[in-house]
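**Q** Sending over structure-v8.pdb (PDB, C-alpha atoms (C1' of nucleotides)).
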MODEL        1
ATOM      1  CA  MET C   1      31.540  23.537   0.149  1.00  0.00           C
ATOM      2  CA  ASN C   2      35.002  22.258   1.034  1.00  0.00           C
ATOM      3  CA  ASN C   3      35.709  22.181  -2.667  1.00  0.00           C
ATOM      4  CA  ALA C   4      35.698  25.962  -2.853  1.00  0.00           C
ATOM      5  CA  ILE C   5      38.650  26.131  -0.479  1.00  0.00           C
ATOM      6  CA  TYR C   6      40.726  23.954  -2.759  1.00  0.00           C
ATOM      7  CA  LYS C   7      39.670  26.040  -5.716  1.00  0.00           C
ATOM      8  CA  SER C   8      40.818  29.255  -4.108  1.00  0.00           C
ATOM      9  CA  LYS C   9      44.083  27.645  -3.007  1.00  0.00           C
ATOM     10  CA  ALA C  10      44.654  26.421  -6.548  1.00  0.00           C
ATOM     11  CA  ASN C  11      44.018  29.928  -7.780  1.00  0.00           C
ATOM     12  CA  VAL C  12      46.769  31.373  -5.615  1.00  0.00           C
ATOM     13  CA  ILE C  13      49.208  28.675  -6.668  1.00  0.00           C
ATOM     14  CA  LYS C  14      48.294  29.094 -10.335  1.00  0.00           C
ATOM     15  CA  ALA C  15      49.120  32.774 -10.030  1.00  0.00           C
ATOM     16  CA  ILE C  16      52.660  31.763  -9.071  1.00  0.00           C
ATOM     17  CA  ALA C  17      53.019  28.997 -11.635  1.00  0.00           C
ATOM     18  CA  HIS C  18      54.537  30.833 -14.608  1.00  0.00           C
ATOM     19  CA  PRO C  19      58.227  31.351 -15.438  1.00  0.00           C
ATOM     20  CA  SER C  20      57.900  35.127 -15.866  1.00  0.00           C
ATOM     21  CA  ARG C  21      55.847  35.486 -12.717  1.00  0.00           C
ATOM     22  CA  LEU C  22      58.362  33.448 -10.717  1.00  0.00           C
ATOM     23  CA  MET C  23      61.115  35.645 -12.059  1.00  0.00           C
ATOM     24  CA  MET C  24      59.233  38.764 -11.010  1.00  0.00           C
ATOM     25  CA  ILE C  25      58.505  37.405  -7.535  1.00  0.00           C
ATOM     26  CA  ASP C  26      62.216  36.696  -7.096  1.00  0.00           C
ATOM     27  CA  ALA C  27      63.019  40.246  -8.176  1.00  0.00           C
ATOM     28  CA  LEU C  28      60.390  41.715  -5.861  1.00  0.00           C
ATOM     29  CA  ALA C  29      62.049  39.913  -2.954  1.00  0.00           C
ATOM     30  CA  GLU C  30      64.674  42.682  -3.077  1.00  0.00           C
ATOM     31  CA  GLY C  31      62.004  45.345  -2.741  1.00  0.00           C
ATOM     32  CA  GLU C  32      59.421  47.100  -4.819  1.00  0.00           C
ATOM     33  CA  LYS C  33      59.951  47.513  -8.548  1.00  0.00           C
ATOM     34  CA  CYS C  34      58.157  49.476 -11.246  1.00  0.00           C
ATOM     35  CA  VAL C  35      56.549  47.712 -14.203  1.00  0.00           C
ATOM     36  CA  CYS C  36      59.296  49.021 -16.489  1.00  0.00           C
ATOM     37  CA  GLU C  37      61.981  47.320 -14.395  1.00  0.00           C
ATOM     38  CA  LEU C  38      60.061  44.063 -14.394  1.00  0.00           C
ATOM     39  CA  GLN C  39      59.571  44.321 -18.127  1.00  0.00           C
ATOM     40  CA  ALA C  40      63.323  44.706 -18.630  1.00  0.00           C
ATOM     41  CA  LEU C  41      63.744  41.600 -16.508  1.00  0.00           C
ATOM     42  CA  VAL C  42      61.354  39.243 -18.255  1.00  0.00           C
ATOM     43  CA  LYS C  43      61.781  40.771 -21.719  1.00  0.00           C
ATOM     44  CA  ALA C  44      58.150  40.618 -22.837  1.00  0.00           C
ATOM     45  CA  ASP C  45      55.706  43.199 -24.105  1.00  0.00           C
ATOM     46  CA  MET C  46      54.729  45.651 -21.391  1.00  0.00           C
ATOM     47  CA  SER C  47      51.076  44.710 -21.798  1.00  0.00           C
ATOM     48  CA  THR C  48      52.006  41.098 -21.131  1.00  0.00           C
ATOM     49  CA  VAL C  49      53.932  42.041 -17.992  1.00  0.00           C
ATOM     50  CA  SER C  50      51.044  44.193 -16.835  1.00  0.00           C
ATOM     51  CA  LYS C  51      48.645  41.296 -17.239  1.00  0.00           C
ATOM     52  CA  HIS C  52      50.920  38.993 -15.280  1.00  0.00           C
ATOM     53  CA  LEU C  53      51.007  41.559 -12.496  1.00  0.00           C
ATOM     54  CA  THR C  54      47.215  41.845 -12.544  1.00  0.00           C
ATOM     55  CA  ILE C  55      46.927  38.083 -12.108  1.00  0.00           C
ATOM     56  CA  MET C  56      49.293  38.187  -9.127  1.00  0.00           C
ATOM     57  CA  LYS C  57      47.516  41.169  -7.651  1.00  0.00           C
ATOM     58  CA  ASN C  58      44.104  39.505  -7.921  1.00  0.00           C
ATOM     59  CA  ALA C  59      45.508  36.435  -6.203  1.00  0.00           C
ATOM     60  CA  GLY C  60      46.763  38.590  -3.347  1.00  0.00           C
ATOM     61  CA  LEU C  61      50.451  37.999  -4.010  1.00  0.00           C
ATOM     62  CA  VAL C  62      51.390  41.607  -4.694  1.00  0.00           C
ATOM     63  CA  THR C  63      50.103  45.110  -4.144  1.00  0.00           C
ATOM     64  CA  ASP C  64      50.779  48.202  -6.165  1.00  0.00           C
ATOM     65  CA  ARG C  65      51.323  51.887  -5.587  1.00  0.00           C
ATOM     66  CA  LYS C  66      51.400  54.681  -8.128  1.00  0.00           C
ATOM     67  CA  GLU C  67      54.064  57.359  -7.897  1.00  0.00           C
ATOM     68  CA  GLY C  68      54.078  59.889 -10.701  1.00  0.00           C
ATOM     69  CA  LEU C  69      54.049  58.050 -13.965  1.00  0.00           C
ATOM     70  CA  LYS C  70      55.326  54.821 -12.502  1.00  0.00           C
ATOM     71  CA  VAL C  71      53.485  51.995 -10.785  1.00  0.00           C
ATOM     72  CA  PHE C  72      55.476  50.127  -8.167  1.00  0.00           C
ATOM     73  CA  TYR C  73      54.646  46.559  -7.236  1.00  0.00           C
ATOM     74  CA  ARG C  74      55.731  44.803  -4.083  1.00  0.00           C
ATOM     75  CA  LEU C  75      55.219  41.405  -2.448  1.00  0.00           C
ATOM     76  CA  ARG C  76      52.292  41.349  -0.096  1.00  0.00           C
ATOM     77  CA  LEU C  77      53.583  38.503   2.077  1.00  0.00           C
ATOM     78  CA  PRO C  78      57.190  37.354   2.255  1.00  0.00           C
ATOM     79  CA  CYS C  79      56.266  33.711   2.797  1.00  0.00           C
ATOM     80  CA  VAL C  80      56.010  33.245  -0.966  1.00  0.00           C
ATOM     81  CA  LEU C  81      59.789  33.052  -1.042  1.00  0.00           C
ATOM     82  CA  ARG C  82      59.954  30.247   1.508  1.00  0.00           C
ATOM     83  CA  LEU C  83      57.601  28.381  -0.760  1.00  0.00           C
ATOM     84  CA  PHE C  84      60.334  28.187  -3.373  1.00  0.00           C
ATOM     85  CA  ASP C  85      62.647  26.266  -1.057  1.00  0.00           C
ATOM     86  CA  CYS C  86      60.437  23.225  -1.390  1.00  0.00           C
ATOM     87  CA  VAL C  87      60.245  23.603  -5.161  1.00  0.00           C
ATOM     88  CA  ASP C  88      64.045  23.710  -5.296  1.00  0.00           C
ATOM     89  CA  GLU C  89      64.142  20.616  -3.120  1.00  0.00           C
ATOM     90  CA  ILE C  90      61.860  18.759  -5.503  1.00  0.00           C
ATOM     91  CA  ILE C  91      63.843  19.813  -8.566  1.00  0.00           C
ATOM     92  CA  PHE C  92      67.062  18.776  -6.872  1.00  0.00           C
ATOM     93  CA  ALA C  93      65.544  15.374  -6.107  1.00  0.00           C
ATOM     94  CA  ASN C  94      64.366  15.107  -9.726  1.00  0.00           C
ATOM     95  CA  ASN C  95      67.877  15.650 -11.077  1.00  0.00           C
ATOM     96  CA  GLY C  96      69.733  13.805  -8.335  1.00  0.00           C
TER      97      GLY C  96
ATOM     98  CA  MET U   1      69.979  29.553 -19.730  1.00  0.00           C
ATOM     99  CA  ASN U   2      68.685  30.910 -16.425  1.00  0.00           C
ATOM    100  CA  ASN U   3      65.250  30.956 -17.981  1.00  0.00           C
ATOM    101  CA  ALA U   4      65.138  27.172 -18.067  1.00  0.00           C
ATOM    102  CA  ILE U   5      65.363  27.069 -14.267  1.00  0.00           C
ATOM    103  CA  TYR U   6      62.260  29.213 -13.932  1.00  0.00           C
ATOM    104  CA  LYS U   7      60.509  27.078 -16.483  1.00  0.00           C
ATOM    105  CA  SER U   8      61.183  23.887 -14.557  1.00  0.00           C
ATOM    106  CA  LYS U   9      60.163  25.539 -11.285  1.00  0.00           C
ATOM    107  CA  ALA U  10      56.933  26.709 -12.903  1.00  0.00           C
ATOM    108  CA  ASN U  11      56.342  23.172 -14.070  1.00  0.00           C
ATOM    109  CA  VAL U  12      56.522  21.789 -10.551  1.00  0.00           C
ATOM    110  CA  ILE U  13      54.216  24.490  -9.224  1.00  0.00           C
ATOM    111  CA  LYS U  14      51.764  23.978 -12.087  1.00  0.00           C
ATOM    112  CA  ALA U  15      51.571  20.309 -11.153  1.00  0.00           C
ATOM    113  CA  ILE U  16      50.306  21.382  -7.721  1.00  0.00           C
ATOM    114  CA  ALA U  17      47.966  24.120  -8.970  1.00  0.00           C
ATOM    115  CA  HIS U  18      44.694  22.247  -9.409  1.00  0.00           C
ATOM    116  CA  PRO U  19      41.878  21.733  -6.905  1.00  0.00           C
ATOM    117  CA  SER U  20      41.751  17.953  -7.325  1.00  0.00           C
ATOM    118  CA  ARG U  21      45.510  17.637  -7.169  1.00  0.00           C
ATOM    119  CA  LEU U  22      45.660  19.739  -3.996  1.00  0.00           C
ATOM    120  CA  MET U  23      42.982  17.556  -2.484  1.00  0.00           C
ATOM    121  CA  MET U  24      44.955  14.437  -3.349  1.00  0.00           C
ATOM    122  CA  ILE U  25      48.188  15.859  -1.933  1.00  0.00           C
ATOM    123  CA  ASP U  26      46.385  16.613   1.313  1.00  0.00           C
ATOM    124  CA  ALA U  27      45.071  13.056   1.427  1.00  0.00           C
ATOM    125  CA  LEU U  28      48.497  11.605   0.670  1.00  0.00           C
ATOM    126  CA  ALA U  29      49.878  13.482   3.676  1.00  0.00           C
ATOM    127  CA  GLU U  30      48.269  10.748   5.803  1.00  0.00           C
ATOM    128  CA  GLY U  31      50.124   8.076   3.897  1.00  0.00           C
ATOM    129  CA  GLU U  32      49.936   6.237   0.619  1.00  0.00           C
ATOM    130  CA  LYS U  33      46.612   5.723  -1.109  1.00  0.00           C
ATOM    131  CA  CYS U  34      45.498   3.710  -4.095  1.00  0.00           C
ATOM    132  CA  VAL U  35      44.002   5.367  -7.161  1.00  0.00           C
ATOM    133  CA  CYS U  36      40.570   4.051  -6.228  1.00  0.00           C
ATOM    134  CA  GLU U  37      40.681   5.827  -2.864  1.00  0.00           C
ATOM    135  CA  LEU U  38      41.763   9.061  -4.497  1.00  0.00           C
ATOM    136  CA  GLN U  39      39.013   8.717  -7.060  1.00  0.00           C
ATOM    137  CA  ALA U  40      36.434   8.372  -4.297  1.00  0.00           C
ATOM    138  CA  LEU U  41      37.880  11.532  -2.790  1.00  0.00           C
ATOM    139  CA  VAL U  42      37.827  13.816  -5.821  1.00  0.00           C
ATOM    140  CA  LYS U  43      34.775  12.197  -7.448  1.00  0.00           C
ATOM    141  CA  ALA U  44      35.988  12.286 -11.045  1.00  0.00           C
ATOM    142  CA  ASP U  45      36.398   9.644 -13.716  1.00  0.00           C
ATOM    143  CA  MET U  46      39.208   7.259 -12.860  1.00  0.00           C
ATOM    144  CA  SER U  47      40.970   8.158 -16.097  1.00  0.00           C
ATOM    145  CA  THR U  48      40.944  11.795 -15.037  1.00  0.00           C
ATOM    146  CA  VAL U  49      42.385  10.933 -11.629  1.00  0.00           C
ATOM    147  CA  SER U  50      45.020   8.764 -13.265  1.00  0.00           C
ATOM    148  CA  LYS U  51      46.069  11.654 -15.507  1.00  0.00           C
ATOM    149  CA  HIS U  52      46.325  14.025 -12.568  1.00  0.00           C
ATOM    150  CA  LEU U  53      48.551  11.500 -10.817  1.00  0.00           C
ATOM    151  CA  THR U  54      50.723  11.149 -13.926  1.00  0.00           C
ATOM    152  CA  ILE U  55      51.211  14.919 -13.990  1.00  0.00           C
ATOM    153  CA  MET U  56      52.258  14.925 -10.330  1.00  0.00           C
ATOM    154  CA  LYS U  57      54.507  11.932 -10.855  1.00  0.00           C
ATOM    155  CA  ASN U  58      56.262  13.554 -13.820  1.00  0.00           C
ATOM    156  CA  ALA U  59      56.810  16.682 -11.762  1.00  0.00           C
ATOM    157  CA  GLY U  60      58.429  14.607  -9.030  1.00  0.00           C
ATOM    158  CA  LEU U  61      55.743  15.224  -6.429  1.00  0.00           C
ATOM    159  CA  VAL U  62      54.668  11.623  -5.971  1.00  0.00           C
ATOM    160  CA  THR U  63      55.901   8.114  -6.603  1.00  0.00           C
ATOM    161  CA  ASP U  64      53.897   4.967  -7.174  1.00  0.00           C
ATOM    162  CA  ARG U  65      54.082   1.329  -6.308  1.00  0.00           C
ATOM    163  CA  LYS U  66      52.013  -1.503  -7.620  1.00  0.00           C
ATOM    164  CA  GLU U  67      50.678  -4.142  -5.277  1.00  0.00           C
ATOM    165  CA  GLY U  68      48.423  -6.746  -6.812  1.00  0.00           C
ATOM    166  CA  LEU U  69      45.747  -4.988  -8.778  1.00  0.00           C
ATOM    167  CA  LYS U  70      46.161  -1.707  -6.980  1.00  0.00           C
ATOM    168  CA  VAL U  71      48.606   1.130  -7.568  1.00  0.00           C
ATOM    169  CA  PHE U  72      49.557   3.076  -4.471  1.00  0.00           C
ATOM    170  CA  TYR U  73      50.765   6.647  -4.685  1.00  0.00           C
ATOM    171  CA  ARG U  74      52.677   8.505  -2.000  1.00  0.00           C
ATOM    172  CA  LEU U  75      54.262  11.921  -1.548  1.00  0.00           C
ATOM    173  CA  ARG U  76      57.891  11.986  -2.570  1.00  0.00           C
ATOM    174  CA  LEU U  77      58.876  14.909  -0.324  1.00  0.00           C
ATOM    175  CA  PRO U  78      56.913  16.099   2.709  1.00  0.00           C
ATOM    176  CA  CYS U  79      57.869  19.750   2.159  1.00  0.00           C
ATOM    177  CA  VAL U  80      54.947  20.122  -0.237  1.00  0.00           C
ATOM    178  CA  LEU U  81      52.678  20.351   2.780  1.00  0.00           C
ATOM    179  CA  ARG U  82      54.639  23.206   4.365  1.00  0.00           C
ATOM    180  CA  LEU U  83      54.132  25.022   1.086  1.00  0.00           C
ATOM    181  CA  PHE U  84      50.419  25.175   1.783  1.00  0.00           C
ATOM    182  CA  ASP U  85      50.935  27.168   4.964  1.00  0.00           C
ATOM    183  CA  CYS U  86      51.917  30.175   2.918  1.00  0.00           C
ATOM    184  CA  VAL U  87      48.982  29.720   0.588  1.00  0.00           C
ATOM    185  CA  ASP U  88      46.671  29.648   3.596  1.00  0.00           C
ATOM    186  CA  GLU U  89      48.339  32.793   4.873  1.00  0.00           C
ATOM    187  CA  ILE U  90      47.693  34.573   1.583  1.00  0.00           C
ATOM    188  CA  ILE U  91      44.072  33.465   1.439  1.00  0.00           C
ATOM    189  CA  PHE U  92      43.568  34.569   5.027  1.00  0.00           C
ATOM    190  CA  ALA U  93      45.023  37.969   4.160  1.00  0.00           C
ATOM    191  CA  ASN U  94      42.752  38.137   1.100  1.00  0.00           C
ATOM    192  CA  ASN U  95      39.627  37.600   3.158  1.00  0.00           C
ATOM    193  CA  GLY U  96      40.703  39.524   6.221  1.00  0.00           C
TER     194      GLY U  96
ATOM    195  C1'  DA J   1      41.371 -19.344 -20.190  1.00  0.00           C
ATOM    196  C1'  DA J   2      37.345 -16.387 -19.499  1.00  0.00           C
ATOM    197  C1'  DA J   3      35.655 -12.943 -16.678  1.00  0.00           C
ATOM    198  C1'  DC J   4      36.765  -9.453 -13.511  1.00  0.00           C
ATOM    199  C1'  DT J   5      39.220  -5.584 -11.067  1.00  0.00           C
ATOM    200  C1'  DA J   6      42.253  -1.644 -11.028  1.00  0.00           C
ATOM    201  C1'  DC J   7      44.481   1.183 -13.751  1.00  0.00           C
ATOM    202  C1'  DT J   8      46.505   3.660 -17.975  1.00  0.00           C
ATOM    203  C1'  DT J   9      46.404   5.545 -22.630  1.00  0.00           C
ATOM    204  C1'  DG J  10      44.294   7.538 -26.860  1.00  0.00           C
ATOM    205  C1'  DG J  11      41.065  10.508 -28.856  1.00  0.00           C
ATOM    206  C1'  DC J  12      38.379  14.275 -28.806  1.00  0.00           C
ATOM    207  C1'  DT J  13      36.025  18.674 -27.467  1.00  0.00           C
ATOM    208  C1'  DA J  14      35.348  22.631 -24.515  1.00  0.00           C
ATOM    209  C1'  DA J  15      37.501  25.881 -21.654  1.00  0.00           C
ATOM    210  C1'  DA J  16      41.457  28.459 -20.002  1.00  0.00           C
ATOM    211  C1'  DC J  17      45.883  30.658 -20.672  1.00  0.00           C
ATOM    212  C1'  DT J  18      49.467  33.439 -23.076  1.00  0.00           C
ATOM    213  C1'  DA J  19      51.316  36.784 -25.949  1.00  0.00           C
ATOM    214  C1'  DC J  20      51.210  40.207 -29.146  1.00  0.00           C
ATOM    215  C1'  DC J  21      49.306  44.524 -31.276  1.00  0.00           C
ATOM    216  C1'  DA J  22      46.386  48.404 -31.028  1.00  0.00           C
ATOM    217  C1'  DA J  23      43.929  51.659 -28.530  1.00  0.00           C
ATOM    218  C1'  DG J  24      42.877  54.043 -24.259  1.00  0.00           C
ATOM    219  C1'  DT J  25      44.062  56.322 -19.545  1.00  0.00           C
ATOM    220  C1'  DA J  26      46.730  59.035 -16.136  1.00  0.00           C
ATOM    221  C1'  DG J  27      50.246  61.909 -15.019  1.00  0.00           C
ATOM    222  C1'  DT J  28      54.228  64.960 -16.762  1.00  0.00           C
ATOM    223  C1'  DT J  29      56.804  68.109 -19.375  1.00  0.00           C
ATOM    224  C1'  DG J  30      57.737  71.665 -22.786  1.00  0.00           C
TER     225       DG J  30
ATOM    226  C1'  DC M   1      47.372  72.104 -24.543  1.00  0.00           C
ATOM    227  C1'  DA M   2      50.182  69.043 -27.374  1.00  0.00           C
ATOM    228  C1'  DA M   3      53.473  65.637 -27.044  1.00  0.00           C
ATOM    229  C1'  DC M   4      55.433  62.253 -24.189  1.00  0.00           C
ATOM    230  C1'  DT M   5      56.022  58.502 -20.641  1.00  0.00           C
ATOM    231  C1'  DA M   6      54.339  54.624 -18.051  1.00  0.00           C
ATOM    232  C1'  DC M   7      50.868  51.789 -17.774  1.00  0.00           C
ATOM    233  C1'  DT M   8      46.264  49.227 -18.524  1.00  0.00           C
ATOM    234  C1'  DT M   9      42.585  47.250 -21.288  1.00  0.00           C
ATOM    235  C1'  DG M  10      40.424  45.149 -25.464  1.00  0.00           C
ATOM    236  C1'  DG M  11      40.754  42.074 -29.098  1.00  0.00           C
ATOM    237  C1'  DT M  12      42.385  38.049 -31.100  1.00  0.00           C
ATOM    238  C1'  DA M  13      45.079  33.892 -32.523  1.00  0.00           C
ATOM    239  C1'  DG M  14      47.788  30.045 -31.045  1.00  0.00           C
ATOM    240  C1'  DT M  15      48.688  26.822 -27.319  1.00  0.00           C
ATOM    241  C1'  DT M  16      47.721  24.221 -23.264  1.00  0.00           C
ATOM    242  C1'  DT M  17      44.829  21.997 -20.106  1.00  0.00           C
ATOM    243  C1'  DA M  18      40.808  19.203 -18.312  1.00  0.00           C
ATOM    244  C1'  DG M  19      37.457  15.925 -18.544  1.00  0.00           C
ATOM    245  C1'  DC M  20      34.868  12.271 -20.396  1.00  0.00           C
ATOM    246  C1'  DC M  21      34.323   7.967 -23.096  1.00  0.00           C
ATOM    247  C1'  DA M  22      36.255   4.100 -25.223  1.00  0.00           C
ATOM    248  C1'  DA M  23      39.804   0.915 -25.654  1.00  0.00           C
ATOM    249  C1'  DG M  24      43.931  -1.345 -23.958  1.00  0.00           C
ATOM    250  C1'  DT M  25      47.062  -3.499 -20.169  1.00  0.00           C
ATOM    251  C1'  DA M  26      48.309  -6.074 -15.979  1.00  0.00           C
ATOM    252  C1'  DG M  27      47.199  -8.884 -12.362  1.00  0.00           C
ATOM    253  C1'  DT M  28      43.480 -11.917 -10.060  1.00  0.00           C
ATOM    254  C1'  DT M  29      39.999 -15.086  -9.459  1.00  0.00           C
ATOM    255  C1'  DT M  30      37.179 -18.962 -10.752  1.00  0.00           C
TER     256       DT M  30
ENDMDL
END
Would it be possible to restate this file's structure as structure tokens?
**A**
Amino acid sequence: MNNAIYKSKANVIKAIAHPSRLMMIDALAEGEKCVCELQALVKADMSTVSKHLTIMKNAGLVTDRKEGLKVFYRLRLPCVLRLFDCVDEIIFANNG
Amino acid sequence: MNNAIYKSKANVIKAIAHPSRLMMIDALAEGEKCVCELQALVKADMSTVSKHLTIMKNAGLVTDRKEGLKVFYRLRLPCVLRLFDCVDEIIFANNG
DNA sequence: AAACTACTTGGCTAAACTACCAAGTAGTTG
DNA sequence: CAACTACTTGGTAGTTTAGCCAAGTAGTTT
């Protein structure tokens, strides 16, 4: 079914479509970060941050790696960042 | 507040993140289409299609134009399509 | 102007999402 | 091994979203 393709695409995009998740993706552009660093960034409960990361991981946006007590997340594919250029373009057009 | 920027970005991305809306964006890549054509494409109630289009219009993704009885929608910025390349890349990596 | 076409809007219900707290797990340190 | 740190998972309440039907609007045709 062709419909399934659109559903899986929507799933990936939905995983990006949240203010905290966008913020984390931007931060991960610099390199991998532990959950504690991302929590400090978005200022939410750690369980909330963890769930956001799980959503992004399931969508294939990030991968994780455990080192000692900490879990480090990193972007799986850098193209996610390019994706934001278009979003910025749209927002600029909206306010222009 | 920096947070407001992420919120508005998330809003644009959310407007894309739906199977039917993705399907319609793909169709609009060919050129403008009336609501009736888009309804035939996604096979939902016309009121549902109309609401999806309103969401995309409010996000600045599409614009509309009335001609006689019909309302034609078109993509406001072509960059939305480039955005899908990355999504495809992620899905390919997920299944590869 | 009555009937018709192409949409949009309102109302409502079911499903999905989000965030917190509490409890559990894995690894570390004293 | 008990206490601690860094997370994850379960549970739950509040919010948002999606879809249909019904009703309303705008333009057209007869």
**Q** Give as a list in words every residue of chain U that touches chain M within 9 Å, counting only C-alpha atoms (C1' of nucleotides).
**A** Ala44, Asp45, Ser47, Thr48, Gly68 and Leu69 of chain U
**Q** Taking the file above as input, evaluate the PyMOL selection byres ((chain C and resi 81) around 12) and report the hits as a PDB file with C-alpha atoms, in the frame of the given file.
**A**
ATOM      1  CA  ILE C  16      52.660  31.763  -9.071  1.00  0.00           C
ATOM      2  CA  LEU C  22      58.362  33.448 -10.717  1.00  0.00           C
ATOM      3  CA  MET C  23      61.115  35.645 -12.059  1.00  0.00           C
ATOM      4  CA  MET C  24      59.233  38.764 -11.010  1.00  0.00           C
ATOM      5  CA  ILE C  25      58.505  37.405  -7.535  1.00  0.00           C
ATOM      6  CA  ASP C  26      62.216  36.696  -7.096  1.00  0.00           C
ATOM      7  CA  ALA C  27      63.019  40.246  -8.176  1.00  0.00           C
ATOM      8  CA  LEU C  28      60.390  41.715  -5.861  1.00  0.00           C
ATOM      9  CA  ALA C  29      62.049  39.913  -2.954  1.00  0.00           C
ATOM     10  CA  GLU C  30      64.674  42.682  -3.077  1.00  0.00           C
ATOM     11  CA  LEU C  61      50.451  37.999  -4.010  1.00  0.00           C
ATOM     12  CA  LEU C  75      55.219  41.405  -2.448  1.00  0.00           C
ATOM     13  CA  ARG C  76      52.292  41.349  -0.096  1.00  0.00           C
ATOM     14  CA  LEU C  77      53.583  38.503   2.077  1.00  0.00           C
ATOM     15  CA  PRO C  78      57.190  37.354   2.255  1.00  0.00           C
ATOM     16  CA  CYS C  79      56.266  33.711   2.797  1.00  0.00           C
ATOM     17  CA  VAL C  80      56.010  33.245  -0.966  1.00  0.00           C
ATOM     18  CA  ARG C  82      59.954  30.247   1.508  1.00  0.00           C
ATOM     19  CA  LEU C  83      57.601  28.381  -0.760  1.00  0.00           C
ATOM     20  CA  PHE C  84      60.334  28.187  -3.373  1.00  0.00           C
ATOM     21  CA  ASP C  85      62.647  26.266  -1.057  1.00  0.00           C
ATOM     22  CA  CYS C  86      60.437  23.225  -1.390  1.00  0.00           C
ATOM     23  CA  VAL C  87      60.245  23.603  -5.161  1.00  0.00           C
ATOM     24  CA  ASP C  88      64.045  23.710  -5.296  1.00  0.00           C
TER      25      ASP C  88
ATOM     26  CA  LEU U  83      54.132  25.022   1.086  1.00  0.00           C
ATOM     27  CA  CYS U  86      51.917  30.175   2.918  1.00  0.00           C
ATOM     28  CA  VAL U  87      48.982  29.720   0.588  1.00  0.00           C
TER      29      VAL U  87
END
**Q** Chain J residues within 9 Å of chain C, counting all atoms listed in the file: which ones, as a PyMOL selection string?
**A** chain J and resi 18-20+26-28
**Q** Create the file for the chosen residues now, containing C-alpha atoms (C1' of nucleotides) and written as a PDB file, in the frame of the given file.
**A**
ATOM      1  C1'  DT J  18      49.467  33.439 -23.076  1.00  0.00           C
ATOM      2  C1'  DA J  19      51.316  36.784 -25.949  1.00  0.00           C
ATOM      3  C1'  DC J  20      51.210  40.207 -29.146  1.00  0.00           C
ATOM      4  C1'  DA J  26      46.730  59.035 -16.136  1.00  0.00           C
ATOM      5  C1'  DG J  27      50.246  61.909 -15.019  1.00  0.00           C
ATOM      6  C1'  DT J  28      54.228  64.960 -16.762  1.00  0.00           C
TER       7       DT J  28
END
**Q** When you count only C-alpha atoms, which of these residues is closest to chain C: U:Lys33, U:Lys57, U:Arg74, U:Lys66?
**A**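 Smallest distance to chain C is found for U:Lys57.
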**Q** Quick one: pull the distance between atom CA of C:Gly31 and atom CA of C:Arg65, Å, one decimal.
**A**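 So the two atoms, atom CA of C:Gly31 and atom CA of C:Arg65, lie 12.8 Å apart.
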**Q** Using Å and a single decimal, report how far atom CA of U:His18 sits from atom CA of C:Tyr6.
**A** 7.9 Å
**Q** Given the file above and the PyMOL selection byres ((chain U and resi 11) around 12), which residues are selected, and can you give them as a PyMOL selection string?
**A** (chain C and resi 13-14+16-19+22+87-88+90-91) or (chain U and resi 4-10+12-17+55-61)
**Q** Starting from the shown file, work through the PyMOL selection byres ((chain U and resi 36) around 9) and note down what comes out as a ChimeraX atom specification.
**A** /U:33-35,37-41,46,49,70-71 /J:6-7
**Q** Keeping only C-alpha atoms (C1' of nucleotides), write those residues as an mmCIF file, keeping the file's coordinate frame.
**A**
data_model
loop_
_atom_site.group_PDB
_atom_site.id
_atom_site.type_symbol
_atom_site.label_atom_id
_atom_site.label_comp_id
_atom_site.auth_asym_id
_atom_site.auth_seq_id
_atom_site.Cartn_x
_atom_site.Cartn_y
_atom_site.Cartn_z
ATOM 1 C CA LYS U 33 46.612 5.723 -1.109
ATOM 2 C CA CYS U 34 45.498 3.710 -4.095
ATOM 3 C CA VAL U 35 44.002 5.367 -7.161
ATOM 4 C CA GLU U 37 40.681 5.827 -2.864
ATOM 5 C CA LEU U 38 41.763 9.061 -4.497
ATOM 6 C CA GLN U 39 39.013 8.717 -7.060
ATOM 7 C CA ALA U 40 36.434 8.372 -4.297
ATOM 8 C CA LEU U 41 37.880 11.532 -2.790
ATOM 9 C CA MET U 46 39.208 7.259 -12.860
ATOM 10 C CA VAL U 49 42.385 10.933 -11.629
ATOM 11 C CA LYS U 70 46.161 -1.707 -6.980
ATOM 12 C CA VAL U 71 48.606 1.130 -7.568
ATOM 13 C "C1'" DA J 6 42.253 -1.644 -11.028
ATOM 14 C "C1'" DC J 7 44.481 1.183 -13.751
#
**Q** Mind giving me the straight-line distance from atom CA of U:Glu89 to atom CA of C:Phe92 in Å, one decimal?
**A**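 Computed distance, atom CA of U:Glu89 to atom CA of C:Phe92, equals 26.2 Å.
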**Q** Measuring between all atoms listed in the file, which one of U:Asp64, U:Lys43, U:Glu32, U:Ser50 shows the shortest distance to chain C?
**A** U:Lys43
**Q** Around all the atoms of stretch 23-42 of chain U listed in the file, draw an axis-aligned box and extend it by 8 Å on each of the six sides; I want its centre and edge lengths in Å to one decimal, as AutoDock Vina command-line options.
**A**
--center_x 43.3 --center_y 10.6 --center_z -0.7 --size_x 29.7 --size_y 29.8 --size_z 29.0
**Q** Which residue gives the smallest distance to chain C among U:Ser20, U:Thr54, U:Tyr73, U:Gly96, with only C-alpha atoms counted?
**A**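 Of the candidates, the smallest distance to chain C is held by U:Ser20.
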